[in-house]
Amino acid sequence: MNIDYSHEVPTVAGRLTLAQIEELVAKPMGTKPNKKYFIALSISVSLLFTGAIFLAFSLYYGTGLWGNNQPVGWAFPIVNFVFWVGIGHAGTLISAILFLLRQKWRTGIARFAEAMTIFAVMCAGIFPVIHTGRPWLAGYLIPYPNQHSLWVNFTSPLVWDVFAVSTYFTVSFVFWYVGLIPDFATMRDRTASKIKKTIYSVFSLGWRHSNRHWTHYEKSYILLAGFATPLVLSVHTIVSFDFAVSILPGWHTTIFPPYFVAGAIFSGFAMVVTVLVFVRKIFDLQHIITLDHLEKMNKVILLTGMMVGYAYAMEFFIAWYSGVQAEQFVFINRAFGPYAWAYWIMASCNVLIPQFFWFKKIRRSIPAMMVIVILVNVGMWFERFVITVTSLSRDFLPSSWAYYRPTIFDFGILLGSFGLFFTLVILFTKSLPVVSISEVKAVADGAQPTHHGGADHE
Amino acid sequence: MNNDKKIFGIAATFKTPNEIINAAKKVSNSGYTAFDVNTPYPVHGMDSAMKIKPSKLGFVTLVTGLSGAAIALLFMYWSMSVDYPLVIGGKPFFALPAFIPVTFELTVLLATVSTVIAMIALFFRLPDNKHPLHDTDYMKSVSADKYGIVIESTDTKFDETSATDFLKNLNPLKIEVIYYPAEEPYPIFQPKFIIFLIIIAVVVSGGTYLMLNKLLYITPFNWMMEQDKLTPQKGSELFADGYGMRTPVEGTVAKGFIPYPYAGQTNPTEVLSNPFLLTKENIELGKGKFFTYCSPCHGYFADGDSRLRGQFPNPPTLHSKRARDFSDGMIYHIITNGQNVMPSYTSQISREERWAIVNYVRVLQRAKNASDSDLIDMNKETGSNVTN
């Protein structure tokens with residue numbers, strides 16, 4: 001292999017001009033959607049409605065329709081919550097951490113990944129709310145009902161979780177919107193429709209591409225990225241505290257925060273790859289979301305997959321090394337107990353399957369990576385299932401042990417959350433620029449002045 | 001051109017980033033200050049070419065971030081350590097490590113949201129969709145792939161012809177004169193907008209009314225009003241007699257309820273004997289219970305001076321010869337069984353507490369009817385020398 005390392009691979013392939021880039025990104029918004037789009041939309045909307053019906057039943061008859069029962073009170077709702085919050089982490093990683101690391105290739109996928117963050121956190125937010133059984137009573141939390149002068153327990157991980165996830169959603173949304181402002185202005189100036197122009201004008205806030213604004217804008221982007229970076233790490237850390245701060249064997253471990261964060265990035269990248277493979281094909285964005293992008297993301301999946309594998313191994317080692325009988329039992333029970341099937345699905349999908357990404361051919365092959373990333377998504381869902389259910393179903397007291405079986409309502413609502421996610425993604429692809437137009441223009445060939453600036457030019 | 005339209009500025013567009021950097025340098029070096037460069041994306045090196053000072057946005061972030069941290073920490077300190085201190089999980093009232101997550105999240109939330117709001121509202125002065133540059137060909141081209149510079153008429157050096165000539169010397173693609181837009185009536189007075197507001201008002205108020213007055217009374221939103229469980233006095237089809245409430249199995253004794261053998265007898269021939277000693281603790285307990293349950297009618301000193309102002313018949317004094325001659329068991333019997341209009345207190349006062357009240361009544365009777373010999377005994381015990 002003879003790779004030329006003396007200059008960077010161009011971020012935008014095919015030497016597109018600025019106008020061509022804009023045309024490519026803006027095309028889906030200006031044209032009528034085709035048949036494929038409606039097929040995709042109808043599938044995801046059907047899933048969404050299926051979930052809505054199962055949810056309506058659960059709200060009418062109560063959460064007794066679910067499989068949750070003693071001792072497994074935290075079953076599907078928490079598994080799904082952690083799964084979706086994890087999916088969200090890739091977006092912030094791409095938009096904030098890779099921005100701080102000056103990874104220019106992020107520009108092509110950042111907008112999309114950020115949108116997926118927001119949608120995934122919305123899906124995640126559903127589950128703790130419906131787990132309360134009567135979510136409409138949540139309205140009585142505002143303003144905080146303090147008739148008994150008793151305050152919130154700020155030392156509780158569940159309260160931290162509320163703060164972390166709501167802050168995460170707000171900051172991700174603000175970050176996403178700030179990135180969209182210049183694109184709204186561009187769309188405003190290219191559209192011919194009067195209604196669209198009014199909508200874009202409102203959301204662009206009257207942005208003028210002024211360089212007196214760009215200087216503050218770039219500053220704010222660095223500041224937001226600087227805050228979003230520790231924030232994204234804190235969110236899954238705090239989600240892991242929901243487990244780690246309790247005293248249940250299998251949960252009460254200090255490895256949880258880094259292990260959860262690595263797992264979140266792992267599953268998030270897998271989801272981003274899953275969706276991007278379709279989007280770049282359907283909307284002809286192969287030049288902007290190139291195979292190089294996908295390959296780089298596959299490398300991140302390989303790395304984080306091995307981190308997760310290390311955490312699995314380390315949990316077993318610590319259980320043995322600690323000498324705590326309950327802890328040792330939990331891990332043997334995980335691998336060889338009644339939920340061994342779930343454990344081995346998790347271990348093979350998350351640790352073994354991503355090893356194929358060592359081969360460059362597989363990293364760059366669309367069908368192969370599709371299979372792998374979907375299996376990774378499955379594996380990561382099972383990871384949360386294994387953590388939540390195996391520890392709860394066999395706790396300290398053998399007389400209370402039970403085997404947890406989800407009902408059709410649990411599966412229905414899980415499917416519905418996928419329906420919601422993909423519906424939002426599909427609507428997003430047609431209504432907003434899926435790639436940041438201004439950012440991609442800035443990294444295109446010849447978009448920046450030559451080293452001596454304009455002074456010596458000509 | 002000053003007759004009907006007012007000039008906002010002269011704009012020039014360029015094709016390459018190098019040209020615009022060059023143009024910005026020339027314009028700023030020739031002394032113009034009120035000028036602006038519009039590019040579809042931030043061009044490197046433009047800040048120094050335009051002589052823009054570094055952004056002060058970071059100070060907003062610093063101040064709001066620190067206030068977020070301070071607000072979070074102070075509120076948690078006040079609520080968990082001052083206003084309602086609670087020991088949770090053996091942690092101290094001010095459990096700093098457990099307060100860090102919320103402090104961090106609030107710092108980030110306040111810092112980012114106020115940075116963005118400050119940037120848009122204070123630094124950009126947006127939203128502003130009425131700016132003269134909007135809807136011009138110039139704006140459309142710099143929004144897409146051209147690079148533009150505009151010298152504004154507010155500049156002290158501004159002169160239409162000299163500015164145009166100056167820009168022409170830079171070899172632009174195009175020169176455009178930009179005027180202020182004609183004044184429009186405020187959109188708020190247009191009938192369309194008013195109808196829009198009325199529709200919103202009707203939808204919001206109607207929706208709120210329906211939700212609060214109708215929706216919340218439909219199952220399953222109706223406050224768990226209908227439940228299948230058995231409540232007291234509710235009938236049940238499950239049992240043959242149709243009653244939901246059941247009587248205990250014959251002969252069962254509930255925990256802590258020792259059956260009283262003389263229940264229902266007005267003048268029992270024999271009574272229980274007092275199982276409790278006259279200890280200080282027992283008398284204190286009896287005093288408390290006497291004050292709560294007995295004193296409203298019998299008075300604090302058992303004189304029969306009711307506090308109920310005739311709403312209930314006054315009982316006789318407990319310092320009469322008859323009352324003093326009652327045995328302990330007889331007083332216990334009266335409390336347990338009731339007498340005349342006095343009801344039974346079994347359901348309100350426990351067995352131990354009733355005996356404690358008996359002991360306290362004995363103390364009151366002794367104190368109110370003390371003899372001289374008691375004084376001698378008291379002097380002996382306390383070592384004092386009190387005479388009658």
# chains A, B, ... in the order shown; residues from 1 in each chain; ligands from 1

call {"tool": "interface_residues", "arguments": {"of": "chain A", "to": "chain B", "cutoff": "6 Å", "atoms": "only C-alpha atoms", "output": "ChimeraX atom specification"}}
result
/A:18-19,60,155,160,164,167,186,189,205-206,209-211,214,216,438,442,449,453-455

call {"tool": "write_last_selection", "arguments": {"atoms": "N, CA and C atoms", "output": "compact mmCIF listing (two decimals), in the first residue's frame"}}
result
# COMPACT_ATOMS: atom_id res chain seq x y z
N LEU A 18 -18.78 25.35 -4.77
CA LEU A 18 -19.67 25.69 -3.67
C LEU A 18 -21.12 25.59 -4.08
N ALA A 19 -21.43 26.05 -5.30
CA ALA A 19 -22.81 26.03 -5.76
C ALA A 19 -23.31 24.60 -5.89
N TYR A 60 -54.37 2.97 29.58
CA TYR A 60 -55.76 2.77 29.99
C TYR A 60 -55.87 1.73 31.08
N THR A 155 -29.29 14.20 46.41
CA THR A 155 -28.23 13.20 46.46
C THR A 155 -28.65 11.92 45.75
N TRP A 160 -30.28 13.26 39.59
CA TRP A 160 -29.16 13.65 38.71
C TRP A 160 -29.52 13.34 37.27
N ALA A 164 -29.39 15.67 34.12
CA ALA A 164 -28.43 15.36 33.05
C ALA A 164 -29.15 15.24 31.72
N THR A 167 -30.72 18.61 30.54
CA THR A 167 -29.66 19.52 30.11
C THR A 167 -29.10 19.07 28.78
N THR A 186 -29.26 30.63 4.00
CA THR A 186 -28.97 30.22 2.63
C THR A 186 -30.24 29.71 1.95
N ASP A 189 -32.51 32.47 0.93
CA ASP A 189 -32.12 33.23 -0.24
C ASP A 189 -32.18 32.42 -1.53
N LEU A 205 -33.56 34.08 11.62
CA LEU A 205 -33.47 35.27 12.48
C LEU A 205 -32.91 36.47 11.73
N GLY A 206 -32.91 36.43 10.41
CA GLY A 206 -32.35 37.55 9.66
C GLY A 206 -30.83 37.51 9.59
N HIS A 209 -24.83 36.53 7.10
CA HIS A 209 -23.50 36.01 6.76
C HIS A 209 -22.43 37.06 7.00
N SER A 210 -22.69 37.98 7.91
CA SER A 210 -21.75 39.07 8.16
C SER A 210 -20.52 38.54 8.87
N ASN A 211 -19.34 39.03 8.45
CA ASN A 211 -18.13 38.56 9.13
C ASN A 211 -17.98 39.13 10.51
N TRP A 214 -19.78 36.35 12.08
CA TRP A 214 -19.07 35.06 12.02
C TRP A 214 -18.03 34.96 13.14
N HIS A 216 -18.08 36.15 16.22
CA HIS A 216 -18.72 35.70 17.47
C HIS A 216 -19.25 34.29 17.31
N SER A 438 -22.95 25.51 5.24
CA SER A 438 -21.87 26.47 5.43
C SER A 438 -20.58 25.78 5.87
N ALA A 442 -17.00 25.54 3.72
CA ALA A 442 -15.75 26.06 4.29
C ALA A 442 -14.60 25.07 4.17
N PRO A 449 -8.61 31.12 1.69
CA PRO A 449 -7.56 31.85 0.99
C PRO A 449 -6.24 31.09 1.02
N GLY A 453 -2.65 34.82 1.85
CA GLY A 453 -3.82 35.66 1.86
C GLY A 453 -3.99 36.30 0.51
N GLY A 454 -4.80 37.30 0.44
CA GLY A 454 -5.06 37.95 -0.84
C GLY A 454 -3.98 38.96 -1.19
N ALA A 455 -3.13 39.32 -0.25
CA ALA A 455 -2.23 40.45 -0.44
C ALA A 455 -1.28 40.23 -1.62

call {"tool": "residues_around", "arguments": {"residues": "Phe385 in chain A", "least_positions_apart": "4", "cutoff": "10 Å", "atoms": "only C-alpha atoms", "output": "VMD selection string"}}
result
chain A and resid 74 to 76 78 to 80 82 to 83 339 342 to 343 346 379 to 381 389 to 391

call {"tool": "select_by_dssp", "arguments": {"residues": "range 195-346 of chain B", "states": "helix (DSSP H, G or I)", "output": "ChimeraX atom specification"}}
result
/B:195-213,215-217,280-298,321-325,328-337

call {"tool": "atom_distance", "arguments": {"atom1": "CA of Tyr403 in chain A", "atom2": "CA of Arg334 in chain A"}}
result
12.8 Å

call {"tool": "closest_residue", "arguments": {"among": "A:His89, A:Arg384, A:Arg405, A:Lys197", "to": "Gly268 in chain A", "atoms": "only C-alpha atoms"}}
result
A:His89

call {"tool": "closest_residue", "arguments": {"among": "A:Gly133, A:Gly419, A:Pro128, A:Pro367", "to": "Phe81 in chain A", "atoms": "only C-alpha atoms"}}
result
A:Pro128

call {"tool": "atom_distance", "arguments": {"atom1": "CA of Met342 in chain B", "atom2": "CA of Arg324 in chain B"}}
result
18.4 Å
